[in-house]
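Raw data31.cif, mmCIF, C-alpha atoms and all ligand atoms:
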```
data_start
#
loop_
_atom_site.label_atom_id
_atom_site.label_comp_id
_atom_site.auth_asym_id
_atom_site.auth_seq_id
_atom_site.Cartn_x
_atom_site.Cartn_y
_atom_site.Cartn_z
CA MET R 1 -17.02 193.05 -132.36
CA GLU R 2 -17.94 196.43 -130.91
CA MET R 3 -14.81 197.93 -132.50
CA ASP R 4 -15.67 196.43 -135.90
CA ASN R 5 -19.18 197.85 -135.68
CA LEU R 6 -17.92 201.27 -134.63
CA ARG R 7 -15.42 201.28 -137.49
CA SER R 8 -17.98 200.32 -140.09
CA ARG R 9 -20.45 202.93 -138.83
CA LEU R 10 -17.70 205.58 -139.08
CA GLU R 11 -16.78 204.43 -142.58
CA GLN R 12 -20.38 204.27 -143.79
CA ARG R 13 -21.11 207.81 -142.65
CA PHE R 14 -17.84 209.39 -143.73
CA SER R 15 -18.95 210.80 -147.08
CA TYR R 16 -21.94 212.47 -145.39
CA HIS R 17 -19.62 213.88 -142.72
CA LEU R 18 -17.08 215.07 -145.29
CA ASP R 19 -19.85 217.02 -147.06
CA LEU R 20 -20.64 218.68 -143.74
CA LEU R 21 -17.00 219.66 -143.36
CA GLY R 22 -17.17 221.23 -146.82
CA GLU R 23 -20.15 223.34 -145.74
CA TRP R 24 -18.47 224.43 -142.50
CA VAL R 25 -15.17 225.31 -144.20
CA GLY R 26 -17.12 227.32 -146.80
CA ILE R 27 -18.29 229.74 -144.08
CA ASN R 28 -15.69 232.34 -143.21
CA THR R 29 -15.29 232.37 -139.43
CA HIS R 30 -12.42 234.76 -138.78
CA SER R 31 -12.56 235.61 -135.05
CA ALA R 32 -13.87 239.11 -135.84
CA ASN R 33 -16.51 237.91 -138.33
CA ALA R 34 -19.43 237.72 -135.88
CA GLU R 35 -21.92 236.89 -138.62
CA GLY R 36 -19.90 233.97 -140.02
CA VAL R 37 -19.14 232.59 -136.57
CA GLY R 38 -22.87 232.86 -135.74
CA THR R 39 -23.87 231.02 -138.93
CA LEU R 40 -21.41 228.20 -138.28
CA GLY R 41 -22.59 227.98 -134.66
CA ARG R 42 -26.23 227.62 -135.71
CA GLN R 43 -25.46 225.08 -138.47
CA THR R 44 -23.32 223.00 -136.13
CA ALA R 45 -26.04 223.11 -133.44
CA GLU R 46 -28.58 221.82 -135.99
CA VAL R 47 -26.42 218.82 -136.83
CA PHE R 48 -25.83 217.96 -133.16
CA ALA R 49 -29.56 218.39 -132.49
CA SER R 50 -30.12 215.27 -134.61
CA LEU R 51 -28.11 213.39 -131.94
CA GLY R 52 -30.29 214.82 -129.17
CA PHE R 53 -28.23 217.86 -128.19
CA THR R 54 -29.83 221.13 -127.03
CA PRO R 55 -27.89 224.32 -127.81
CA ALA R 56 -27.20 227.35 -125.66
CA PHE R 57 -25.99 230.38 -127.62
CA LEU R 58 -23.85 232.53 -125.35
CA PRO R 59 -23.06 236.08 -126.44
CA SER R 60 -19.52 237.35 -126.03
CA ALA R 61 -18.74 240.41 -123.93
CA HIS R 62 -16.79 241.67 -126.98
CA PRO R 63 -19.33 243.47 -129.19
CA TRP R 64 -17.42 242.57 -132.39
CA ALA R 65 -17.39 238.82 -131.67
CA GLY R 66 -19.80 235.99 -132.45
CA GLN R 67 -21.65 233.77 -130.00
CA HIS R 68 -20.13 230.82 -128.17
CA VAL R 69 -22.16 227.62 -128.36
CA VAL R 70 -22.57 224.96 -125.68
CA LEU R 71 -24.52 221.84 -126.69
CA THR R 72 -25.76 219.48 -124.00
CA ARG R 73 -27.30 216.04 -124.00
CA PRO R 74 -28.26 214.94 -120.49
CA GLY R 75 -27.51 211.32 -119.64
CA ARG R 76 -28.93 208.92 -117.07
CA SER R 77 -25.97 209.34 -114.70
CA GLU R 78 -24.04 212.22 -113.10
CA ARG R 79 -21.07 211.39 -115.28
CA VAL R 80 -20.07 214.09 -117.74
CA VAL R 81 -17.76 214.11 -120.74
CA ALA R 82 -16.97 217.43 -122.42
CA LEU R 83 -15.80 217.70 -126.03
CA VAL R 84 -14.17 221.05 -126.77
CA SER R 85 -13.62 222.72 -130.12
CA HIS R 86 -13.91 226.20 -131.57
CA LEU R 87 -15.76 228.03 -134.31
CA ASP R 88 -13.25 230.70 -135.30
CA THR R 89 -10.20 230.69 -137.56
CA VAL R 90 -7.39 233.18 -138.11
CA PHE R 91 -8.25 233.83 -141.77
CA THR R 92 -10.10 236.90 -143.06
CA PRO R 93 -12.36 236.57 -146.15
CA GLU R 94 -9.87 238.73 -148.11
CA GLU R 95 -6.97 236.44 -147.25
CA GLU R 96 -8.97 233.34 -148.24
CA ARG R 97 -9.84 234.93 -151.59
CA SER R 98 -6.43 236.32 -152.45
CA ASN R 99 -4.69 233.00 -151.70
CA ASP R 100 -7.43 230.87 -153.31
CA PHE R 101 -7.70 229.09 -149.98
CA ARG R 102 -10.87 227.01 -149.99
CA PHE R 103 -12.22 223.53 -149.36
CA ARG R 104 -10.76 221.05 -151.81
CA ILE R 105 -9.50 217.50 -151.79
CA GLU R 106 -6.09 216.63 -153.24
CA GLY R 107 -5.07 213.01 -152.80
CA ASP R 108 -5.28 212.16 -149.11
CA ARG R 109 -5.46 215.79 -148.04
CA VAL R 110 -8.41 218.06 -147.50
CA TYR R 111 -7.32 221.68 -147.72
CA GLY R 112 -9.15 224.75 -146.55
CA PRO R 113 -9.48 227.25 -143.70
CA GLY R 114 -10.18 225.31 -140.51
CA THR R 115 -9.83 221.81 -141.98
CA CYS R 116 -7.10 221.20 -139.40
CA ASP R 117 -7.69 224.06 -136.91
CA ILE R 118 -10.39 223.13 -135.98
CA LYS R 119 -13.51 222.41 -138.03
CA GLY R 120 -12.05 218.99 -138.81
CA GLY R 121 -11.80 218.52 -135.03
CA THR R 122 -15.47 219.42 -134.50
CA LEU R 123 -16.29 216.90 -137.21
CA THR R 124 -14.24 214.21 -135.45
CA ALA R 125 -16.19 214.88 -132.23
CA LEU R 126 -19.46 214.56 -134.15
CA MET R 127 -18.33 211.33 -135.84
CA THR R 128 -17.34 209.88 -132.45
CA LEU R 129 -20.70 210.69 -130.83
CA ASP R 130 -22.68 209.47 -133.84
CA ALA R 131 -20.87 206.11 -133.82
CA LEU R 132 -21.25 205.61 -130.05
CA ARG R 133 -24.95 206.48 -130.21
CA THR R 134 -25.60 203.94 -132.95
CA VAL R 135 -23.38 201.08 -131.81
CA VAL R 136 -23.41 201.34 -127.99
CA PRO R 137 -26.66 203.19 -127.22
CA ASP R 138 -26.70 202.10 -123.58
CA LEU R 139 -23.36 203.68 -122.90
CA PHE R 140 -24.26 206.75 -124.94
CA GLU R 141 -27.45 207.30 -122.90
CA THR R 142 -25.60 206.92 -119.59
CA ILE R 143 -23.18 209.81 -120.05
CA THR R 144 -24.07 213.50 -120.04
CA TRP R 145 -22.34 214.93 -123.10
CA VAL R 146 -21.34 218.58 -123.34
CA VAL R 147 -19.91 219.97 -126.59
CA GLY R 148 -18.29 223.39 -126.18
CA LEU R 149 -17.60 225.58 -129.23
CA ASN R 150 -15.53 228.66 -128.49
CA ALA R 151 -16.25 231.64 -130.77
CA LEU R 152 -12.93 233.26 -129.92
CA GLU R 153 -10.32 230.59 -129.31
CA GLU R 154 -7.77 232.25 -131.57
CA ARG R 155 -7.87 235.30 -129.26
CA LEU R 156 -7.49 233.06 -126.23
CA ASP R 157 -8.98 234.53 -123.08
CA HIS R 158 -11.00 233.19 -120.17
CA GLU R 159 -14.45 234.11 -121.44
CA PHE R 160 -15.45 230.86 -123.12
CA THR R 161 -13.92 228.50 -120.59
CA ASP R 162 -15.60 230.42 -117.74
CA LEU R 163 -18.96 229.98 -119.50
CA LEU R 164 -18.28 226.32 -120.24
CA ARG R 165 -17.50 225.62 -116.58
CA THR R 166 -21.06 226.63 -115.60
CA HIS R 167 -22.31 223.79 -117.85
CA LEU R 168 -19.97 221.21 -116.33
CA THR R 169 -21.81 220.08 -113.23
CA GLY R 170 -21.66 216.51 -111.97
CA GLN R 171 -18.70 214.17 -112.16
CA VAL R 172 -16.56 215.30 -115.08
CA LEU R 173 -14.72 212.23 -116.36
CA ALA R 174 -12.86 214.01 -119.12
CA VAL R 175 -12.44 217.19 -121.11
CA LEU R 176 -11.44 216.19 -124.63
CA VAL R 177 -9.98 218.90 -126.86
CA PHE R 178 -10.21 218.32 -130.61
CA GLU R 179 -7.21 220.30 -131.85
CA ALA R 180 -5.46 218.40 -134.66
CA GLY R 181 -2.82 215.73 -134.20
CA SER R 182 0.68 216.23 -135.61
CA PRO R 183 1.69 214.13 -138.63
CA TRP R 184 4.25 211.80 -137.04
CA PRO R 185 4.86 208.85 -139.37
CA GLY R 186 3.60 205.59 -137.87
CA GLN R 187 2.55 207.24 -134.61
CA TRP R 188 -0.55 208.94 -133.23
CA PRO R 189 0.49 211.77 -130.90
CA LEU R 190 -1.96 213.12 -128.32
CA VAL R 191 -1.25 216.40 -126.55
CA VAL R 192 -0.53 216.02 -122.82
CA ALA R 193 1.17 219.37 -122.05
CA ARG R 194 1.33 222.86 -123.48
CA LYS R 195 3.62 225.79 -122.87
CA GLY R 196 2.66 228.74 -120.70
CA ARG R 197 2.99 232.19 -122.17
CA VAL R 198 3.61 235.72 -121.03
CA GLU R 199 3.17 238.71 -123.31
CA PHE R 200 4.78 242.04 -122.57
CA HIS R 201 5.20 245.50 -123.97
CA ILE R 202 8.20 247.79 -123.53
CA ASP R 203 7.79 251.51 -124.09
CA VAL R 204 11.01 253.36 -124.86
CA GLU R 205 11.32 257.08 -124.50
CA GLY R 206 14.21 258.94 -126.14
CA ARG R 207 14.93 262.57 -126.74
CA GLY R 208 13.94 263.88 -130.15
CA ALA R 209 16.38 266.18 -131.91
CA HIS R 210 17.14 267.57 -135.37
CA ALA R 211 19.43 265.01 -136.97
CA GLY R 212 21.43 267.75 -138.74
CA THR R 213 21.79 270.58 -136.25
CA ASP R 214 21.30 268.91 -132.88
CA PHE R 215 22.28 265.26 -133.39
CA TRP R 216 24.56 264.93 -130.33
CA SER R 217 21.92 266.13 -127.88
CA GLY R 218 19.35 263.56 -128.95
CA ARG R 219 18.82 260.06 -127.55
CA ASN R 220 17.68 257.59 -130.16
CA ALA R 221 14.73 255.64 -128.76
CA LEU R 222 14.75 253.30 -131.76
CA LEU R 223 18.35 252.27 -131.11
CA ASP R 224 17.57 251.72 -127.42
CA ALA R 225 14.62 249.58 -128.48
CA ALA R 226 16.85 247.64 -130.90
CA ARG R 227 19.39 246.97 -128.11
CA LEU R 228 16.56 245.83 -125.86
CA ALA R 229 15.24 243.57 -128.62
CA LEU R 230 18.58 241.75 -128.92
CA ASP R 231 19.06 241.44 -125.16
CA VAL R 232 15.51 240.32 -124.51
CA ALA R 233 15.64 237.75 -127.35
CA ALA R 234 18.79 236.33 -125.74
CA VAL R 235 16.71 235.30 -122.71
CA SER R 236 15.63 232.36 -124.91
CA SER R 237 17.13 229.13 -123.66
CA ARG R 238 17.27 225.79 -125.47
CA GLU R 239 18.20 224.09 -122.22
CA ARG R 240 15.04 225.38 -120.51
CA ASP R 241 12.94 225.12 -123.68
CA ARG R 242 12.20 228.81 -123.24
CA THR R 243 11.49 230.94 -126.33
CA VAL R 244 11.38 234.73 -126.42
CA ASN R 245 9.95 236.16 -129.60
CA VAL R 246 10.21 239.87 -130.36
CA GLY R 247 7.08 240.10 -132.49
CA ARG R 248 6.90 243.82 -133.08
CA LEU R 249 9.43 246.64 -132.96
CA HIS R 250 8.32 250.07 -133.91
CA GLY R 251 9.75 253.55 -133.62
CA GLY R 252 10.80 256.74 -135.30
CA THR R 253 9.13 259.06 -137.78
CA GLU R 254 11.48 260.91 -140.16
CA THR R 255 15.08 260.22 -141.15
CA ASN R 256 16.03 263.82 -140.30
CA ARG R 257 14.82 263.38 -136.74
CA VAL R 258 16.43 261.45 -133.87
CA PRO R 259 13.54 259.13 -132.83
CA HIS R 260 11.87 260.27 -129.64
CA ALA R 261 9.82 257.10 -129.00
CA ALA R 262 9.74 253.38 -129.78
CA PHE R 263 8.18 250.21 -128.47
CA LEU R 264 8.53 246.43 -128.56
CA ASP R 265 5.88 243.71 -128.17
CA VAL R 266 7.27 240.39 -127.05
CA GLU R 267 6.05 236.98 -125.96
CA MET R 268 7.84 234.31 -123.96
CA ARG R 269 6.88 230.63 -123.62
CA THR R 270 8.01 227.75 -121.43
CA PHE R 271 6.59 224.45 -120.15
CA VAL R 272 7.78 225.18 -116.60
CA ASP R 273 6.19 228.16 -114.81
CA GLU R 274 9.36 228.74 -112.79
CA TYR R 275 11.32 229.30 -116.00
CA LEU R 276 8.72 231.82 -117.11
CA ASP R 277 9.14 233.77 -113.84
CA GLU R 278 12.91 233.53 -114.15
CA GLY R 279 12.80 234.77 -117.75
CA LEU R 280 10.58 237.70 -116.84
CA GLU R 281 12.98 238.62 -114.03
CA ARG R 282 15.84 238.68 -116.56
CA VAL R 283 13.80 240.98 -118.80
CA ARG R 284 13.21 243.33 -115.83
CA GLU R 285 16.97 243.45 -115.19
CA ILE R 286 17.67 244.25 -118.84
CA VAL R 287 15.19 247.14 -118.77
CA GLU R 288 16.61 248.42 -115.48
CA SER R 289 20.15 248.33 -116.78
CA LEU R 290 19.15 250.40 -119.83
CA ASN R 291 17.53 252.91 -117.48
CA ALA R 292 20.65 252.99 -115.27
CA SER R 293 22.67 253.99 -118.34
CA GLY R 294 20.46 257.00 -119.09
CA GLY R 295 17.73 255.34 -121.15
CA ARG R 296 14.06 255.41 -120.34
CA ALA R 297 12.10 252.22 -120.80
CA THR R 298 8.96 250.91 -119.10
CA LEU R 299 7.99 247.25 -119.03
CA SER R 300 4.37 246.15 -118.77
CA VAL R 301 3.07 242.59 -118.76
CA THR R 302 -0.03 242.55 -120.96
CA GLU R 303 -1.08 238.90 -120.64
CA ARG R 304 -0.06 235.87 -118.68
CA LEU R 305 -1.23 232.29 -119.01
CA ARG R 306 0.33 229.54 -116.98
CA GLY R 307 1.58 226.36 -118.59
CA TRP R 308 -0.23 223.04 -118.83
CA PRO R 309 2.37 220.66 -117.40
CA ARG R 310 2.27 216.87 -117.32
CA ASN R 311 -0.21 216.10 -114.52
CA PRO R 312 -2.03 213.07 -113.06
CA GLY R 313 -5.46 213.84 -114.59
CA THR R 314 -4.06 214.11 -118.10
CA GLU R 315 -1.73 211.12 -117.64
CA HIS R 316 -4.68 208.99 -116.53
CA LEU R 317 -6.64 209.79 -119.69
CA PHE R 318 -3.57 209.40 -121.86
CA SER R 319 -2.87 205.91 -120.51
CA ILE R 320 -6.46 204.89 -121.28
CA TRP R 321 -6.21 206.23 -124.86
CA GLN R 322 -2.83 204.57 -125.26
CA LYS R 323 -4.30 201.18 -124.28
CA ALA R 324 -7.26 201.78 -126.57
CA GLY R 325 -4.80 202.52 -129.37
CA LYS R 326 -2.93 199.30 -128.73
CA GLU R 327 -6.19 197.37 -129.09
CA LEU R 328 -6.64 199.06 -132.48
CA GLY R 329 -3.04 198.59 -133.61
CA MET R 330 -2.28 202.32 -133.27
CA GLU R 331 0.86 203.50 -131.49
CA VAL R 332 -0.40 206.40 -129.37
CA VAL R 333 2.41 208.63 -128.04
CA PRO R 334 2.46 211.74 -125.81
CA GLN R 335 3.28 215.15 -127.27
CA GLU R 336 4.20 218.33 -125.39
CA ARG R 337 3.30 221.25 -127.60
CA GLY R 338 4.35 224.92 -127.72
CA GLY R 339 1.01 226.38 -128.80
CA LEU R 340 -1.95 227.14 -126.55
CA SER R 341 -5.49 225.76 -126.63
CA ASP R 342 -8.60 225.81 -124.46
CA GLY R 343 -7.04 222.84 -122.70
CA SER R 344 -4.50 225.29 -121.23
CA LEU R 345 -7.38 226.90 -119.29
CA LEU R 346 -9.17 223.69 -118.27
CA TRP R 347 -6.54 221.09 -117.28
CA ALA R 348 -6.20 222.40 -113.71
CA ASP R 349 -9.88 221.72 -112.95
CA TYR R 350 -10.72 218.64 -115.04
CA PRO R 351 -8.80 215.66 -116.46
CA THR R 352 -7.96 216.99 -119.93
CA LEU R 353 -6.54 215.44 -123.11
CA ASP R 354 -5.88 217.28 -126.39
CA GLY R 355 -4.95 216.58 -130.00
CA LEU R 356 -8.00 214.38 -130.61
CA GLY R 357 -8.87 215.93 -133.98
CA PRO R 358 -7.69 214.55 -137.33
CA VAL R 359 -4.04 214.55 -138.29
CA GLY R 360 -3.24 217.85 -139.94
CA ALA R 361 -0.58 220.47 -140.54
CA ASN R 362 0.20 224.02 -141.64
CA ASP R 363 -2.46 225.48 -139.38
CA HIS R 364 -2.63 229.30 -139.55
CA CYS R 365 -1.07 229.23 -143.06
CA SER R 366 -3.04 230.16 -146.20
CA GLU R 367 -0.14 230.50 -148.63
CA ARG R 368 1.17 228.06 -151.16
CA SER R 369 4.39 228.56 -153.13
CA ALA R 370 5.29 226.98 -156.44
CA ASP R 371 8.48 225.45 -155.01
CA GLY R 372 6.48 223.71 -152.26
CA SER R 373 8.30 225.48 -149.43
CA LYS R 374 4.99 226.98 -148.28
CA ASP R 375 1.73 225.10 -148.25
CA GLN R 376 -1.78 225.70 -146.98
CA GLU R 377 -3.48 224.23 -143.92
CA TYR R 378 -4.82 220.71 -144.46
CA ALA R 379 -6.15 217.65 -142.66
CA VAL R 380 -5.35 214.06 -143.65
CA LEU R 381 -8.51 212.41 -145.01
CA SER R 382 -7.54 208.89 -143.99
CA SER R 383 -6.99 210.00 -140.37
CA PHE R 384 -10.59 211.00 -139.54
CA VAL R 385 -11.97 207.48 -139.07
CA PRO R 386 -9.00 206.14 -137.02
CA LYS R 387 -8.95 209.21 -134.75
CA ALA R 388 -12.71 209.04 -134.14
CA LEU R 389 -12.45 205.28 -133.54
CA LEU R 390 -9.59 205.83 -131.10
CA THR R 391 -11.72 208.23 -129.05
CA CYS R 392 -14.69 205.84 -129.21
CA ALA R 393 -12.44 203.10 -127.81
CA GLY R 394 -10.96 205.45 -125.19
CA LEU R 395 -14.44 206.51 -124.05
CA LEU R 396 -15.61 202.89 -123.81
CA ARG R 397 -12.67 202.09 -121.54
CA LEU R 398 -13.16 205.28 -119.54
CA ALA R 399 -16.86 204.56 -119.00
CA HIS R 400 -16.10 201.03 -117.80
CA SER R 401 -13.22 202.07 -115.53
ZN ZN O 1 -7.37 225.70 -132.70
#
```
Taking this structure as input, can you express it in the form of structure tokens?
Amino acid sequence: MEMDNLRSRLEQRFSYHLDLLGEWVGINTHSANAEGVGTLGRQTAEVFASLGFTPAFLPSAHPWAGQHVVLTRPGRSERVVALVSHLDTVFTPEEERSNDFRFRIEGDRVYGPGTCDIKGGTLTALMTLDALRTVVPDLFETITWVVGLNALEERLDHEFTDLLRTHLTGQVLAVLVFEAGSPWPGQWPLVVARKGRVEFHIDVEGRGAHAGTDFWSGRNALLDAARLALDVAAVSSRERDRTVNVGRLHGGTETNRVPHAAFLDVEMRTFVDEYLDEGLERVREIVESLNASGGRATLSVTERLRGWPRNPGTEHLFSIWQKAGKELGMEVVPQERGGLSDGSLLWADYPTLDGLGPVGANDHCSERSADGSKDQEYAVLSSFVPKALLTCAGLLRLAHS
């Protein structure tokens, strides 16, 4: 009965909620667009205020960035549930314009910047809370709800999650992250693990020389960098699910000059921290062996984020959502994902589950090609109500457990 009432509330309100999504997607919120991020933050806070949430606008330490938003609704108990999403996207206004990338509905898909990553997720969180408040007000009033909206998720650092932590006092039952779910036919994947990532930079020094008169006395930094790129990329391992991506390789100035300098920017990802350490050790050896052969390269690690492995807190939440899914006739399955999210920074301290947004795909892509090989980011319209209902059912079970 409760489930039927929740479902019909979600269905009744969906066209209102879809209009909201249209408004949110219409605001450009590229991570560096402080004004757009601020506007979306204020508009989102207004909507949540109608459910009794009070906003805190938290300025970023980065002067070019918008404000983070934390919305709180105190409950009658010490029990806290956090719903985490973000305000920013990776798309600049110019990119949106030149690719005609905007909110529009085509069949069962809603296209537009952030429909999948992650404004559609914020909407799913709102739908969930609205339905619980209307249908099970007693339960809704019991829990302290905290909605965290990161202004800078796409530039993942610790700033937002450190701020959010200060709002998470009491007994935190769950941190629910509303990144989108993958489109797996007949199944509803939830994210239970994410890869760790290390980013590094290698500076290569050569010896510049005139390519015509002094060629043999030069040392080509660009060629050293190219050798390093191949060797470092080969640290990838399918067996260990370790990927090494050489993302940038730059060097040289003129064709009549033996390049005196070059650099590479690289990232490596694995699910297992040990494999990340091992990979980094291999990279060190590669750099040392170039140096032993007369080259000059310096390795510096620029960023390191440990992995989110399968863990008891996440597994506990997942099993509750899986049972809730069964009750609703939805096959809920675990997914281990390569990309990072705020969950990567929170799982170690709180039980955390991710992928609770709508089903969607092509996130971070604004292009569409005539042959269909490239398509823009979208969310699946018919997935919003089931995903919100699934989280309603999961929260009901969690609150009663
Ligand atoms: Zn995201």
One-decimal distance in Å that lies between atom CA of R:Asn28 and atom CA of R:Leu340: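 Going from atom CA of R:Leu340 over to atom CA of R:Asn28 covers 22.2 Å.
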Shell around R:Leu389 at 12 Å using only C-alpha atoms, local window under 4 positions removed, as a VMD selection string: chain R and resid 2 to 11 124 to 132 135 321 324 to 325 327 to 330 356 to 358 383 to 385 393 to 396
Nearest residue to R:Gly66 from the set R:Glu153, R:Glu141, R:Glu78, R:Glu106 (distances using all atoms listed in the file): R:Glu153
Residues within 9 Å of stretch 285-290 of chain R, all atoms listed in the file, excluding chain neighbours under 4 positions, as number ranges by chain: R: 202, 224, 227-228, 231-232, 280-281, 294-299
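When atom CA of R:Arg207 is paired with atom CA of R:His260, their separation reads 4.8 Å.
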Protein and nucleic residues near ligand ZN 1 (chain O), 8 Å, only C-alpha atoms and all ligand atoms, as a list in words: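 I would give the residues around ligand ZN 1 (chain O) as Ser85, His86, Thr89, Asp117, Ile118, Glu153, Glu154, Glu179, Ala180 and Ser341 of chain R.
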Between atom CA of R:Ala229 and atom CA of R:Leu249 - distance in Å to one decimal: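 Atom CA of R:Leu249 sits 7.9 Å away from atom CA of R:Ala229.
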Protein, DNA and RNA residues within 9 Å of (15.2, 257.4, -134.9), all atoms listed in the file, as a ChimeraX atom specification: /R:206,208,211,219-223,251-262
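If only C-alpha atoms are the atoms counted, then among R:Val332, R:Leu156, R:Leu276, R:Leu71 the closest residue to R:Leu190 is R:Val332.
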Shortest interatomic distance to R:Thr161 - which of R:Asp214, R:Glu315, R:Asp138, R:Asp349, counting only C-alpha atoms: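 Residue with the minimum atom-to-atom distance to R:Thr161: R:Asp349.
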Can you check which parts of stretch 58-131 of chain R lie within 8 Å of stretch 166-177 of chain R? Per residue, the shortest pair of atoms and distance in Å to one decimal, counting all atoms listed in the file, sorted by chain and number, as JSON lines.
```
{"residue": "R:Val70", "atom": "CA", "partner": "R:His167", "partner_atom": "CA", "distance": 7.9}
{"residue": "R:Glu78", "atom": "CA", "partner": "R:Gly170", "partner_atom": "CA", "distance": 5.0}
{"residue": "R:Arg79", "atom": "CA", "partner": "R:Gln171", "partner_atom": "CA", "distance": 4.8}
{"residue": "R:Val80", "atom": "CA", "partner": "R:Val172", "partner_atom": "CA", "distance": 4.6}
{"residue": "R:Val81", "atom": "CA", "partner": "R:Ala174", "partner_atom": "CA", "distance": 5.2}
{"residue": "R:Ala82", "atom": "CA", "partner": "R:Val175", "partner_atom": "CA", "distance": 4.7}
{"residue": "R:Leu83", "atom": "CA", "partner": "R:Leu176", "partner_atom": "CA", "distance": 4.8}
{"residue": "R:Val84", "atom": "CA", "partner": "R:Val177", "partner_atom": "CA", "distance": 4.7}
{"residue": "R:Ser85", "atom": "CA", "partner": "R:Val177", "partner_atom": "CA", "distance": 6.2}
```
Box centre and edge lengths (Å, one decimal), axis-aligned, stretch 197-213 of chain R plus 8 Å each side, as AutoDock Vina command-line options:
```
--center_x 12.4 --center_y 251.4 --center_z -129.9 --size_x 34.8 --size_y 54.4 --size_z 33.7
```
Taking (-6.7, 227.0, -147.1) in the coordinates of the supplied file, I want to know which residues reach to within 9 Å of it, counting all atoms listed in the file; could you give the answer as a CSV table (one decimal) with C-alpha atoms, in the coordinates of the input?
```csv
chain,number,residue,atom,x,y,z
R,91,PHE,CA,-8.2,233.8,-141.8
R,96,GLU,CA,-9.0,233.3,-148.2
R,99,ASN,CA,-4.7,233.0,-151.7
R,100,ASP,CA,-7.4,230.9,-153.3
R,101,PHE,CA,-7.7,229.1,-150.0
R,102,ARG,CA,-10.9,227.0,-150.0
R,103,PHE,CA,-12.2,223.5,-149.4
R,104,ARG,CA,-10.8,221.0,-151.8
R,111,TYR,CA,-7.3,221.7,-147.7
R,112,GLY,CA,-9.2,224.8,-146.6
R,113,PRO,CA,-9.5,227.2,-143.7
R,114,GLY,CA,-10.2,225.3,-140.5
R,115,THR,CA,-9.8,221.8,-142.0
R,363,ASP,CA,-2.5,225.5,-139.4
R,364,HIS,CA,-2.6,229.3,-139.6
R,365,CYS,CA,-1.1,229.2,-143.1
R,366,SER,CA,-3.0,230.2,-146.2
R,367,GLU,CA,-0.1,230.5,-148.6
R,368,ARG,CA,1.2,228.1,-151.2
R,375,ASP,CA,1.7,225.1,-148.2
R,376,GLN,CA,-1.8,225.7,-147.0
R,377,GLU,CA,-3.5,224.2,-143.9
R,378,TYR,CA,-4.8,220.7,-144.5
```
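In terms of minimum interatomic distance to R:Trp188, R:Pro334 ranks closest within R:Pro334, R:Pro351, R:Gly26, R:Gly148, counting all atoms listed in the file.
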Which of R:Thr314, R:Ser344, R:Thr270, R:Ser369 sits closest to R:Glu239 [using all atoms listed in the file]: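 Answer, going by the shortest atom-to-atom distance: R:Thr270.
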Option closest in space to R:Ile320, from R:Leu264, R:Cys392, R:Ala370, R:Val47 [counting all atoms listed in the file]: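 When distances to R:Ile320 are compared using all atoms listed in the file, the smallest one comes from R:Cys392.
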